[in-house]
Number of protein chains: 2
Amino acid sequence: MRIDGLQCGHFNRQAFEELRAGGLGCVTNTIAVWENASETMAAIGRWRHLARENADLVTIARTTADIEAANASGRTAVLLGTQNSSPIEDRIDFVELFHDMGLRVMQLTYNIQNALGSSCYEPEDSGLTRFGRNVIAEMNRVGMVVDLSHVGDRTSHDAILASQRPVAINHANPRELFDHARNKRPKVLDTLAEHDGVLGLSMYPNIAGPYAGTLDKWCELVARTAERIGVRHVGVGSDLGRFMTTTDLDWMRRGRWTHGPEYGAGSPDRPGMVEDPEWFTTSADFAAIPGALRAAGFSAEETEAICGGNWLRLYREVIDLAS
Amino acid sequence: MRIDGLQCGHFNRQAFEELRAGGLGCVTNTIAVWENASETMAAIGRWRHLARENADLVTIARTTADIEAANASGRTAVLLGTQNSSPIEDRIDFVELFHDMGLRVMQLTYNIQNALGSSCYEPEDSGLTRFGRNVIAEMNRVGMVVDLSHVGDRTSHDAILASQRPVAINHANPRELFDHARNKRPKVLDTLAEHDGVLGLSMYPNIAGPYAGTLDKWCELVARTAERIGVRHVGVGSDLGRFMTTTDLDWMRRGRWTHGPEYGAGSPDRPGMVEDPEWFTTSADFAAIPGALRAAGFSAEETEAICGGNWLRLYREVIDLAS
């Protein structure tokens, strides 16, 4: 089972065919970054249409049984995910309601402080708030994956400890290996692993730096990360943004909180869209990853775990165990 | 099985105890009149808390099996209902999403024209719109009861014909028996019966007029209605508004579309809250209805049908048959 822990961008039949070409049994998408409840519902509506129109290629999954059934039938299961808690509009009750509608992954903050905690770009990370703790408890209860990818280190650390279930950092890299605000410090990753969470390693050039250069180089990132936190806690989270435009990028970076300029994971020197690594321009390129990991020295079992097994284990422990 | 096809007002532990005292196995509530998607979700959230805190008395039902299980265990099943389509925010996709969240009954319009059709107070009822037809088809597909109580006669007639499943007029009376804009003309009721729908008769004084005076008089309303459209198509829809205040009434009547004055089912001569009939001030008074219907000449079987069996049959044909 191959799983991509996070993609953004637009999906259409071509993107679905690329998921199949990559052999992916499951992908977490991004249906909201700044959207409110109603706008996120509209996105779920669009996804239901997409899934119905492409039912030969994809299905929206609510359980790991759905994921396994999709994979067994040669289709890709989509886990509905958001990269912000904006859909719940600061209402604890909306966690359960979005779970009813199929949402299975929610990142606590995107690129700015919110009522739950601090993003990775705050000058001062004040930690997980009391409301943030309540939201995590509710996500634990209903069976929704807590994601911390864009969340600040202190808030992330608090969240890992607050959660009764393993959490995800579904698209980020170790700060030790590439120094960027979006990447996680050793203490956070060590605590993530102690609590059996999973880190989805990304080849997005802005946060992978030199490791994005070649697939072999990226496998070195995987190997060095696995050395520190253990193979069991490493997965893939490509952050692929298929069919994304600069308009999308501006929305993701500015949302409604600034008129900009705002560079997100970029910088004044790298302000716009960056080229995908030439070895990973679509989901189809996922197909080459297992072989490269074997060549880099991982066993068949380790490769299986990194390419999907670890995510599947986490999903089983979170989304199948709802009270 | 005793069922009240529609109540508004506030629910609390006392109201739930009254439902039990009335022997009610099921009631449809009113979680929205003008509220949008997010506000209606907040209302669903409040109802989940209410139901959890009073789980010994009530449960929120999604199927008729839930209703029957509640009734068998001495509890009342609440069917979540709205008296307007405002929650779907004119988005066809939101029908299915609110169904996911447990909504099972939706009235197409409240007291003013909307994108689906005309209310009973329009000077000109222009009929069910193309969007209204789509919404009905979607409600049929997902398993949500179409309610027409405050809907104009022409739009109601169109809706009955458009629906592939029986529809409800869950709180209104025959215009022939009491001439009021909220009551339905003979043609609508005949077509409702031909398509196996159910009319919930109300004792709300503004629309029951002299028939609200005594329980015996109200049983005469039931008898005369059943004579015209058949016992099978008659139920109870009290429209009881327990713990309602004039603030609530102003909201229901004015919503966001007028600064008023707006009298709803009242009039300049009867502008405010009206007294409940003394024989029906709480749900507990439902307990007296079966005996009074028997005394009015209905058989035990007919009484059972009117007091709940007909609603249960309709719910079975609508909410259990989702595709």
# chains A, B, ... in the order shown; residues from 1 in each chain; ligands from 1
$ residues_around --residues "Gly266 (chain A)" --least-positions-apart "5" --cutoff "8 Å" --atoms "only C-alpha atoms" --output "PDB file with all heavy atoms, in the first residue's frame"
ATOM      1  N   ASN A 206      11.229  24.282  -1.571  1.00  0.00           N
ATOM      2  CA  ASN A 206      11.385  25.325  -0.557  1.00  0.00           C
ATOM      3  C   ASN A 206      11.710  24.769   0.827  1.00  0.00           C
ATOM      4  O   ASN A 206      12.318  25.464   1.639  1.00  0.00           O
ATOM      5  CB  ASN A 206      10.122  26.189  -0.469  1.00  0.00           C
ATOM      6  CG  ASN A 206      10.098  27.287  -1.525  1.00  0.00           C
ATOM      7  OD1 ASN A 206      11.130  27.632  -2.095  1.00  0.00           O
ATOM      8  ND2 ASN A 206       8.920  27.829  -1.788  1.00  0.00           N
ATOM      9  N   PRO A 271      10.049  34.382  -4.585  1.00  0.00           N
ATOM     10  CA  PRO A 271       8.707  34.826  -4.224  1.00  0.00           C
ATOM     11  C   PRO A 271       7.561  33.995  -4.825  1.00  0.00           C
ATOM     12  O   PRO A 271       6.482  33.965  -4.262  1.00  0.00           O
ATOM     13  CB  PRO A 271       8.667  36.256  -4.757  1.00  0.00           C
ATOM     14  CG  PRO A 271       9.606  36.247  -5.924  1.00  0.00           C
ATOM     15  CD  PRO A 271      10.676  35.255  -5.582  1.00  0.00           C
ATOM     16  N   GLY A 272       7.768  33.360  -5.938  1.00  0.00           N
ATOM     17  CA  GLY A 272       6.634  32.762  -6.662  1.00  0.00           C
ATOM     18  C   GLY A 272       6.588  31.255  -6.590  1.00  0.00           C
ATOM     19  O   GLY A 272       7.090  30.642  -5.650  1.00  0.00           O
TER      20      GLY A 272
END
$ interface_residues --of "chain B" --to "chain A" --cutoff "8 Å" --atoms "only C-alpha atoms" --output "MDAnalysis selection string"
chainID B and resid 37:38 41:42 45:46 91 93:94 97 100:101
$ closest_residue --among "A:Gly127, A:Gly308, A:Gly264, A:Gly291" --to "Val151 (chain A)" --atoms "only C-alpha atoms"
A:Gly127
$ residues_around --residues "Ser85 (chain B)" --least-positions-apart "3" --cutoff "8 Å" --atoms "only C-alpha atoms" --output "number ranges by chain"
B: 82, 88-90, 106-110
$ residues_around --residues "Val188 (chain B)" --least-positions-apart "3" --cutoff "9 Å" --atoms "only C-alpha atoms" --output "list in words"
Asp153, Arg154, Ser156, His157, Ile160, Lys184, Arg185, Thr191, Leu192 and Ala193 of chain B
$ write_last_selection --atoms "N, CA, C and O atoms" --output "mmCIF file, in the first residue's frame"
data_model
loop_
_atom_site.group_PDB
_atom_site.id
_atom_site.type_symbol
_atom_site.label_atom_id
_atom_site.label_comp_id
_atom_site.auth_asym_id
_atom_site.auth_seq_id
_atom_site.Cartn_x
_atom_site.Cartn_y
_atom_site.Cartn_z
ATOM 1 N N ASP B 153 -49.762 27.496 -2.198
ATOM 2 C CA ASP B 153 -50.545 26.385 -2.746
ATOM 3 C C ASP B 153 -50.032 25.921 -4.113
ATOM 4 O O ASP B 153 -49.925 24.720 -4.361
ATOM 5 N N ARG B 154 -49.709 26.874 -4.987
ATOM 6 C CA ARG B 154 -49.249 26.451 -6.322
ATOM 7 C C ARG B 154 -47.893 25.746 -6.214
ATOM 8 O O ARG B 154 -47.686 24.689 -6.822
ATOM 9 N N SER B 156 -46.741 24.258 -3.629
ATOM 10 C CA SER B 156 -46.973 22.977 -2.942
ATOM 11 C C SER B 156 -47.450 21.919 -3.934
ATOM 12 O O SER B 156 -46.978 20.775 -3.928
ATOM 13 N N HIS B 157 -48.417 22.325 -4.751
ATOM 14 C CA HIS B 157 -48.972 21.381 -5.731
ATOM 15 C C HIS B 157 -47.870 20.898 -6.685
ATOM 16 O O HIS B 157 -47.732 19.695 -6.943
ATOM 17 N N ILE B 160 -45.554 18.430 -4.802
ATOM 18 C CA ILE B 160 -46.107 17.077 -4.608
ATOM 19 C C ILE B 160 -45.917 16.249 -5.878
ATOM 20 O O ILE B 160 -45.526 15.081 -5.827
ATOM 21 N N LYS B 184 -54.276 24.858 3.662
ATOM 22 C CA LYS B 184 -54.148 24.406 2.270
ATOM 23 C C LYS B 184 -55.496 24.231 1.579
ATOM 24 O O LYS B 184 -56.441 23.662 2.141
ATOM 25 N N ARG B 185 -55.529 24.651 0.325
ATOM 26 C CA ARG B 185 -56.753 24.536 -0.473
ATOM 27 C C ARG B 185 -57.012 23.058 -0.817
ATOM 28 O O ARG B 185 -56.087 22.236 -0.845
ATOM 29 N N THR B 191 -54.338 16.290 -3.971
ATOM 30 C CA THR B 191 -53.147 15.805 -4.666
ATOM 31 C C THR B 191 -52.167 15.187 -3.669
ATOM 32 O O THR B 191 -51.528 14.162 -3.952
ATOM 33 N N LEU B 192 -52.055 15.813 -2.493
ATOM 34 C CA LEU B 192 -51.217 15.238 -1.437
ATOM 35 C C LEU B 192 -51.632 13.791 -1.156
ATOM 36 O O LEU B 192 -50.791 12.879 -1.095
ATOM 37 N N ALA B 193 -52.948 13.583 -0.991
ATOM 38 C CA ALA B 193 -53.452 12.247 -0.667
ATOM 39 C C ALA B 193 -53.237 11.278 -1.829
ATOM 40 O O ALA B 193 -52.831 10.133 -1.626
#
$ atom_distance --atom1 "CA of Ile136 (chain B)" --atom2 "CA of Asn84 (chain B)"
13.2 Å
$ residues_around --residues "region 168-172 of chain A" --least-positions-apart "6" --cutoff "10 Å" --atoms "only C-alpha atoms" --output "ChimeraX atom specification"
/A:4-7,28,105-107,145-151,156,160,180-184,189,192,196-204,207-208,233-240,311,314-315
$ select_by_dssp --residues "region 164-283 of chain A" --states "alpha helix (DSSP H)" --output "number ranges by chain"
A: 186-194, 205-208, 215-229, 246-254
$ residues_around --residues "Thr214 (chain A)" --least-positions-apart "6" --cutoff "12 Å" --atoms "only C-alpha atoms" --output "list in words"
Met203, Tyr204, Pro205, Ala208, Glu220, Leu221, Asp276, Pro277, Glu278, Trp279, Phe280, Ala288, Ile289 and Ala292 of chain A
$ select_by_dssp --residues "region 97-213 of chain B" --states "strand (DSSP E or B)" --output "VMD selection string"
chain B and resid 103 to 107 119 145 to 147 151 168 to 169 174 184 198 to 201
$ atom_distance --atom1 "CA of Phe286 (chain A)" --atom2 "CA of Leu57 (chain A)"
16.6 Å
$ closest_residue --among "B:Arg316, B:Arg228, B:Arg20, B:Arg294" --to "Thr76 (chain B)" --atoms "only C-alpha atoms"
B:Arg20
$ decode --residues "region 242-286 of chain B" --atoms "N, CA and C atoms" --output "short mmCIF file (atom, residue, chain, number, x, y, z; two decimals), in the first residue's frame"
data_model
loop_
_atom_site.label_atom_id
_atom_site.label_comp_id
_atom_site.auth_asym_id
_atom_site.auth_seq_id
_atom_site.Cartn_x
_atom_site.Cartn_y
_atom_site.Cartn_z
N ARG B 242 -43.04 25.47 22.74
CA ARG B 242 -42.78 25.46 24.18
C ARG B 242 -41.65 26.41 24.52
N PHE B 243 -41.83 27.16 25.57
CA PHE B 243 -40.81 28.10 26.06
C PHE B 243 -40.42 29.16 25.03
N MET B 244 -41.30 29.44 24.11
CA MET B 244 -41.03 30.51 23.14
C MET B 244 -41.29 31.88 23.75
N THR B 245 -40.50 32.85 23.29
CA THR B 245 -40.65 34.23 23.78
C THR B 245 -41.06 35.12 22.61
N THR B 246 -41.42 36.34 22.92
CA THR B 246 -41.76 37.28 21.83
C THR B 246 -40.52 37.58 20.98
N THR B 247 -39.33 37.49 21.57
CA THR B 247 -38.10 37.67 20.78
C THR B 247 -38.00 36.58 19.71
N ASP B 248 -38.31 35.34 20.11
CA ASP B 248 -38.31 34.24 19.14
C ASP B 248 -39.35 34.49 18.05
N LEU B 249 -40.53 34.92 18.48
CA LEU B 249 -41.61 35.14 17.52
C LEU B 249 -41.22 36.23 16.53
N ASP B 250 -40.61 37.31 17.02
CA ASP B 250 -40.16 38.37 16.12
C ASP B 250 -39.15 37.84 15.11
N TRP B 251 -38.22 37.02 15.58
CA TRP B 251 -37.22 36.42 14.68
C TRP B 251 -37.89 35.54 13.63
N MET B 252 -38.84 34.71 14.07
CA MET B 252 -39.52 33.82 13.13
C MET B 252 -40.27 34.62 12.07
N ARG B 253 -40.90 35.70 12.51
CA ARG B 253 -41.74 36.44 11.57
C ARG B 253 -40.94 37.39 10.69
N ARG B 254 -39.92 38.02 11.25
CA ARG B 254 -39.17 39.02 10.49
C ARG B 254 -37.92 38.45 9.81
N GLY B 255 -37.30 37.48 10.45
CA GLY B 255 -36.06 36.96 9.90
C GLY B 255 -35.13 38.09 9.58
N ARG B 256 -34.56 38.06 8.38
CA ARG B 256 -33.66 39.12 7.95
C ARG B 256 -34.24 39.89 6.76
N TRP B 257 -35.52 39.62 6.47
CA TRP B 257 -36.06 40.19 5.23
C TRP B 257 -36.93 41.41 5.43
N THR B 258 -37.24 41.75 6.67
CA THR B 258 -38.08 42.92 6.91
C THR B 258 -37.80 43.49 8.29
N HIS B 259 -38.00 44.81 8.41
CA HIS B 259 -37.94 45.43 9.73
C HIS B 259 -39.30 45.37 10.42
N GLY B 260 -40.26 44.83 9.74
CA GLY B 260 -41.59 44.65 10.29
C GLY B 260 -42.40 45.94 10.20
N PRO B 261 -43.62 45.97 10.74
CA PRO B 261 -44.21 44.82 11.43
C PRO B 261 -44.55 43.69 10.46
N GLU B 262 -44.54 42.50 10.97
CA GLU B 262 -44.86 41.32 10.15
C GLU B 262 -45.57 40.36 11.10
N TYR B 263 -46.75 39.93 10.71
CA TYR B 263 -47.60 39.23 11.66
C TYR B 263 -47.59 37.70 11.51
N GLY B 264 -46.90 37.18 10.50
CA GLY B 264 -46.90 35.73 10.32
C GLY B 264 -48.32 35.21 10.24
N ALA B 265 -48.61 34.19 11.03
CA ALA B 265 -49.97 33.64 11.05
C ALA B 265 -50.92 34.51 11.86
N GLY B 266 -50.38 35.54 12.54
CA GLY B 266 -51.24 36.47 13.28
C GLY B 266 -51.78 37.54 12.34
N SER B 267 -52.13 38.69 12.90
CA SER B 267 -52.71 39.77 12.12
C SER B 267 -52.60 41.03 12.96
N PRO B 268 -52.84 42.19 12.35
CA PRO B 268 -52.78 43.42 13.15
C PRO B 268 -53.69 43.34 14.39
N ASP B 269 -54.77 42.59 14.28
CA ASP B 269 -55.67 42.43 15.44
C ASP B 269 -55.13 41.43 16.44
N ARG B 270 -54.29 40.52 15.98
CA ARG B 270 -53.70 39.48 16.86
C ARG B 270 -52.20 39.50 16.63
N PRO B 271 -51.52 40.54 17.07
CA PRO B 271 -50.13 40.73 16.66
C PRO B 271 -49.11 39.87 17.41
N GLY B 272 -49.38 39.45 18.62
CA GLY B 272 -48.33 38.85 19.44
C GLY B 272 -48.48 37.35 19.62
N MET B 273 -47.94 36.84 20.72
CA MET B 273 -48.10 35.43 21.06
C MET B 273 -49.58 35.18 21.35
N VAL B 274 -50.07 34.02 20.92
CA VAL B 274 -51.45 33.66 21.30
C VAL B 274 -51.38 32.57 22.35
N GLU B 275 -52.38 32.54 23.17
CA GLU B 275 -52.45 31.51 24.21
C GLU B 275 -52.60 30.13 23.56
N ASP B 276 -51.91 29.15 24.09
CA ASP B 276 -52.16 27.78 23.64
C ASP B 276 -53.58 27.39 24.06
N PRO B 277 -54.22 26.49 23.29
CA PRO B 277 -55.50 25.96 23.77
C PRO B 277 -55.29 25.36 25.16
N GLU B 278 -56.22 25.55 26.04
CA GLU B 278 -55.97 25.07 27.42
C GLU B 278 -55.85 23.55 27.48
N TRP B 279 -56.35 22.87 26.46
CA TRP B 279 -56.26 21.40 26.44
C TRP B 279 -54.97 20.91 25.77
N PHE B 280 -54.13 21.88 25.29
CA PHE B 280 -52.86 21.46 24.68
C PHE B 280 -51.81 22.53 24.93
N THR B 281 -51.28 22.54 26.15
CA THR B 281 -50.27 23.54 26.51
C THR B 281 -48.87 22.94 26.55
N THR B 282 -48.78 21.61 26.65
CA THR B 282 -47.48 20.93 26.58
C THR B 282 -47.67 19.61 25.86
N SER B 283 -46.56 18.97 25.53
CA SER B 283 -46.63 17.66 24.85
C SER B 283 -47.36 16.62 25.68
N ALA B 284 -47.39 16.83 26.99
CA ALA B 284 -48.06 15.85 27.87
C ALA B 284 -49.52 15.70 27.49
N ASP B 285 -50.10 16.80 26.95
CA ASP B 285 -51.52 16.76 26.59
C ASP B 285 -51.80 15.88 25.38
N PHE B 286 -50.74 15.45 24.69
CA PHE B 286 -50.95 14.54 23.56
C PHE B 286 -51.62 13.25 24.05
#
